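Q: Data file protein.csv (CSV, C-alpha atoms) is appended below.
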```
chain,number,residue,atom,x,y,z
O,1,MET,CA,38.8,-26.4,-7.5
O,2,PRO,CA,35.6,-27.9,-8.8
O,3,VAL,CA,32.7,-25.5,-9.2
O,4,ILE,CA,30.5,-27.3,-6.7
O,5,VAL,CA,33.2,-27.0,-3.9
O,6,ALA,CA,33.6,-23.3,-4.7
O,7,ILE,CA,29.9,-22.6,-4.5
O,8,PHE,CA,29.7,-24.6,-1.2
O,9,LEU,CA,32.6,-22.6,0.3
O,10,LEU,CA,30.9,-19.4,-0.9
O,11,LEU,CA,27.6,-20.3,0.6
O,12,PHE,CA,28.9,-21.3,4.0
O,13,SER,CA,31.4,-18.5,4.3
O,14,LEU,CA,28.8,-15.8,4.0
O,15,PRO,CA,28.5,-13.5,7.1
O,16,SER,CA,25.6,-14.2,9.4
O,17,TRP,CA,23.8,-11.0,8.3
O,18,ALA,CA,23.5,-12.5,4.8
O,19,ALA,CA,21.5,-15.5,6.1
O,20,PRO,CA,17.8,-15.4,5.1
O,21,VAL,CA,15.3,-14.6,7.8
O,22,ARG,CA,13.4,-17.7,9.0
O,23,CYS,CA,10.7,-18.6,11.5
O,24,SER,CA,11.9,-19.3,15.0
O,25,GLU,CA,10.5,-22.1,17.1
O,26,ASP,CA,9.3,-19.6,19.7
O,27,GLY,CA,7.1,-17.7,17.4
O,28,GLU,CA,4.1,-15.7,18.6
O,29,GLY,CA,1.4,-17.1,16.4
O,30,GLY,CA,0.0,-20.4,15.5
O,31,ALA,CA,1.7,-20.4,12.2
O,32,CYS,CA,4.7,-18.8,10.6
O,33,VAL,CA,5.6,-18.3,7.0
O,34,TRP,CA,9.0,-17.1,5.7
O,35,GLY,CA,10.8,-16.5,2.5
O,36,ARG,CA,11.1,-13.7,-0.1
O,37,ALA,CA,8.2,-11.3,-0.3
O,38,GLU,CA,6.2,-11.7,-3.5
O,39,GLY,CA,4.5,-8.3,-3.1
O,40,PHE,CA,3.9,-5.6,-0.5
O,41,ASP,CA,2.5,-2.2,0.2
O,42,GLY,CA,3.0,0.1,3.1
O,43,GLY,CA,1.3,-2.1,5.7
O,44,THR,CA,0.9,-5.6,4.0
O,45,VAL,CA,3.3,-8.3,3.0
O,46,GLN,CA,2.5,-11.0,0.5
O,47,ILE,CA,4.6,-14.1,1.0
O,48,ARG,CA,4.0,-17.6,-0.4
O,49,GLY,CA,0.6,-16.5,-1.7
O,50,LEU,CA,-0.6,-15.2,1.7
O,51,LYS,CA,-1.3,-11.5,2.3
O,52,ILE,CA,-0.4,-10.6,5.9
O,53,HIS,CA,-1.4,-7.3,7.3
O,54,LEU,CA,1.0,-5.9,9.9
O,55,VAL,CA,-0.5,-5.6,13.4
O,56,GLY,CA,-0.1,-2.4,15.4
O,57,ILE,CA,0.4,0.0,12.5
O,58,VAL,CA,-1.5,2.0,9.9
O,59,ALA,CA,0.3,2.9,6.7
O,60,PRO,CA,-1.1,5.5,4.3
O,61,ALA,CA,-3.1,4.3,1.3
O,62,ARG,CA,-2.2,5.0,-2.3
O,63,ARG,CA,-5.2,7.4,-2.5
O,64,ASP,CA,-3.8,9.6,0.3
O,65,LEU,CA,-2.0,12.6,-1.2
O,66,CYS,CA,0.6,14.6,0.7
O,67,ALA,CA,2.1,17.8,-0.4
O,68,ASN,CA,5.4,19.6,0.0
O,69,ARG,CA,4.9,23.1,1.4
O,70,THR,CA,8.1,24.4,-0.2
O,71,THR,CA,7.5,23.1,-3.7
O,72,ARG,CA,3.7,22.8,-3.5
O,73,ASP,CA,4.1,19.4,-5.2
O,74,GLU,CA,1.6,16.7,-4.3
O,75,PHE,CA,2.8,13.1,-4.0
O,76,ASP,CA,1.5,9.6,-3.1
O,77,CYS,CA,1.9,9.4,0.8
O,78,ALA,CA,2.3,5.7,0.5
O,79,ARG,CA,5.3,5.9,-1.7
O,80,PRO,CA,7.8,6.4,1.2
O,81,ALA,CA,6.3,3.4,3.1
O,82,ARG,CA,6.5,1.2,0.0
O,83,LYS,CA,10.1,2.3,-0.6
O,84,ARG,CA,11.2,1.6,2.9
O,85,MET,CA,9.3,-1.7,3.0
O,86,GLY,CA,11.1,-2.8,-0.2
O,87,GLU,CA,14.5,-2.0,1.3
O,88,LEU,CA,13.7,-3.9,4.5
O,89,LEU,CA,12.3,-7.0,2.7
O,90,ALA,CA,15.4,-7.4,0.5
O,91,LYS,CA,16.9,-10.2,2.7
O,92,GLY,CA,13.6,-12.0,3.3
O,93,VAL,CA,10.9,-11.9,5.9
O,94,ALA,CA,9.4,-14.3,8.5
O,95,CYS,CA,5.8,-13.6,9.6
O,96,ASP,CA,3.9,-15.0,12.6
O,97,VAL,CA,0.2,-15.2,11.8
O,98,LEU,CA,-1.5,-13.9,15.0
O,99,ASP,CA,-5.2,-13.6,13.9
O,100,VAL,CA,-7.5,-14.4,11.0
O,101,ALA,CA,-10.4,-12.1,10.6
O,102,GLY,CA,-12.6,-13.2,7.7
O,103,ASP,CA,-10.3,-13.5,4.7
O,104,ARG,CA,-7.6,-11.2,6.3
O,105,LEU,CA,-4.5,-12.5,8.0
O,106,HIS,CA,-2.9,-10.3,10.6
O,107,GLY,CA,0.6,-10.9,11.8
O,108,ARG,CA,3.9,-9.6,13.1
O,109,CYS,CA,6.8,-9.9,10.7
O,110,ARG,CA,10.6,-9.9,11.2
O,111,VAL,CA,13.3,-8.9,8.7
O,112,ALA,CA,17.0,-8.9,9.0
O,113,ASP,CA,17.0,-5.6,10.9
O,114,GLY,CA,14.2,-6.5,13.4
O,115,ASP,CA,10.5,-6.1,13.8
O,116,LEU,CA,9.2,-4.8,10.4
O,117,ALA,CA,6.3,-2.7,11.8
O,118,ARG,CA,8.6,-1.1,14.4
O,119,LEU,CA,11.1,-0.2,11.7
O,120,LEU,CA,8.4,1.4,9.5
O,121,VAL,CA,7.0,3.5,12.4
O,122,ALA,CA,10.5,4.5,13.5
O,123,ALA,CA,11.2,5.7,9.9
O,124,GLY,CA,8.1,7.8,10.1
O,125,VAL,CA,6.4,6.1,7.1
O,126,ALA,CA,3.6,4.4,9.1
O,127,ARG,CA,1.8,5.4,12.3
O,128,ALA,CA,1.3,3.3,15.4
O,129,HIS,CA,-2.1,2.3,16.7
O,130,LYS,CA,-3.0,4.1,19.8
O,131,ASP,CA,-1.9,2.3,23.0
O,132,GLY,CA,0.1,-0.1,20.9
O,133,PRO,CA,3.7,-1.3,21.3
O,134,TYR,CA,5.0,1.1,18.7
O,135,GLU,CA,3.9,4.4,20.2
O,136,PRO,CA,7.4,5.2,21.6
O,137,ASP,CA,8.8,4.7,18.1
O,138,GLN,CA,6.2,7.1,16.7
O,139,THR,CA,6.9,9.7,19.4
O,140,ALA,CA,10.6,9.5,18.5
O,141,ALA,CA,9.9,9.8,14.7
O,142,LEU,CA,7.7,12.8,15.4
O,143,ALA,CA,10.3,14.5,17.5
O,144,GLN,CA,13.0,13.9,14.9
O,145,HIS,CA,10.7,14.9,12.0
O,146,LYS,CA,11.4,11.7,10.2
O,147,GLY,CA,9.6,10.5,7.0
O,148,LEU,CA,6.1,11.9,6.7
O,149,TRP,CA,6.5,13.8,9.9
O,150,GLN,CA,8.9,16.3,8.2
O,151,ALA,CA,8.2,19.9,8.8
O,152,ASP,CA,7.6,20.8,5.2
O,153,ILE,CA,5.2,17.9,4.4
O,154,VAL,CA,1.4,18.6,4.5
O,155,LEU,CA,-0.3,15.3,5.4
O,156,PRO,CA,-3.9,14.3,4.7
O,157,ARG,CA,-6.4,15.4,7.3
O,158,GLU,CA,-6.4,12.0,9.1
O,159,TRP,CA,-2.6,11.9,9.4
O,160,ASP,CA,-2.5,15.6,10.5
O,161,ASN,CA,-5.0,14.9,13.3
O,162,VAL,CA,-2.8,12.0,14.5
O,163,ARG,CA,0.2,14.2,14.5
O,164,ARG,CA,-1.5,16.9,16.5
O,165,LYS,CA,-2.6,14.3,19.1
O,166,GLY,CA,1.0,13.1,19.2
O,167,ASP,CA,2.3,16.6,19.8
O,168,LYS,CA,-0.1,17.1,22.7
O,169,ALA,CA,1.0,13.9,24.3
O,170,GLU,CA,4.6,15.0,24.4
```
Take the structure I supplied and represent it as structure tokens, if you would.

A:
Amino acid sequence: MPVIVAIFLLLFSLPSWAAPVRCSEDGEGGACVWGRAEGFDGGTVQIRGLKIHLVGIVAPARRDLCANRTTRDEFDCARPARKRMGELLAKGVACDVLDVAGDRLHGRCRVADGDLARLLVAAGVARAHKDGPYEPDQTAALAQHKGLWQADIVLPREWDNVRRKGDKAE
């Protein structure tokens, strides 16, 4: 069997989950960009040279230090968000650009597993904006002590205040 035929059969026999994420025709924004992420942090994806900030969430910055109560070790709070983001972006991403504010693009992104921002909030590595679409996901992450909401993690003051407000809302 020629090599070209073997590659063709391999490519077209891949399961549907292996297909790259692409823009759909019914996207939310005026523009959509898709492909492999070139760079990212906890709340931003860089794709095809464009840096897109995820709407509806806030991820911890690298300067935010968390601590483990048991071991008393401090660590970069953004590390879990970056790690989870990297795992989710492995199969590609498609982002609808929803708003342009100055030189910042804001959008909603999809990965193979679904809405990227929702997945980050549900994993407990980002928080939802108040009254946003991801608040139920944050409430569930808080209740299950996922990610940065673990019982033995000491969060920076801003994140701790958010957690207390979330606990009162339950």

Q: I'd like the contact shell of Pro156 of chain O - 8 Å cut-off, all atoms listed in the file, skipping same-chain residues fewer than 6 positions apart - returned as a ChimeraX atom specification.

A: /O:64-66

Q: Which residues, written as number ranges by chain, have at least one atom at most 12 Å from Ala128 of chain O, with only C-alpha atoms counted and residues fewer than 2 positions away on the same chain left out?

A: O: 43, 54-60, 117-126, 130-142, 159, 162-163, 166

Q: Would you compute the distance between atom CA of Thr70 of chain O and atom CA of Ile153 of chain O? Give it in Å to one decimal.

A: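 Between atom CA of Thr70 of chain O and atom CA of Ile153 of chain O the gap works out to 8.5 Å.
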
Q: Could you check how far atom CA of Asp41 of chain O sits from atom CA of Arg72 of chain O, in Å to one decimal?

A: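 Computed distance, atom CA of Asp41 of chain O to atom CA of Arg72 of chain O, equals 25.3 Å.
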
Q: Considering all atoms listed in the file, can you say which of O:Lys51, O:Arg84, O:Arg22, O:Arg62 comes closest to Leu116 of chain O?

A: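 Checking each of O:Lys51, O:Arg84, O:Arg22, O:Arg62 against Leu116 of chain O, counting all atoms listed in the file, the winner is O:Arg84.
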
Q: So which one's closest to Cys77 of chain O, O:Val97, O:Arg108, O:Gly42, O:Asp113? Using all atoms listed in the file, please.

A: O:Gly42

Q: Give me the residues near Thr71 of chain O as a PyMOL selection string, where near means some atom within 12 Å (using all atoms listed in the file) and where sequence neighbours in that chain fewer than 3 positions away do not count.

A: chain O and resi 66-68+74-75+152-154

Q: I'd like to know which of O:Phe40, O:His53, O:Ala90, O:Arg48 is closest to Cys109 of chain O, using all atoms listed in the file.

A: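 Using all atoms listed in the file, the shortest distance to Cys109 of chain O belongs to O:His53.
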
Q: Calculate how many Å separate atom CA of Gln46 of chain O from atom CA of Leu155 of chain O, rounding to one decimal.

A: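 That distance, rounded to one decimal, is 26.9 Å.
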
Q: At most 7 Å from (7.1, -17.9, 8.9), file frame, only C-alpha atoms: which residues, as an MDAnalysis selection string?

A: chainID O and resid 22:23 31:34 94:96

Q: Just checking: using all atoms listed in the file, which residue out of O:Leu105, O:Ile52, O:Val100, O:Val45 ends up closest to Leu88 of chain O?

A: O:Val45

Q: Which residue is closest to Glu38 of chain O? Choose from O:Ala81, O:Val21, O:Val93, O:Ala61 and count only C-alpha atoms.

A: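 Looking only at the distances to Glu38 of chain O, the closest residue turns out to be O:Val93.
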
Q: Which is closest to Ala112 of chain O among O:Gly147, O:Ala78, O:Asp99, O:Gly35, if we use only C-alpha atoms?

A: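 Of all the options, O:Gly35 lies closest to Ala112 of chain O.
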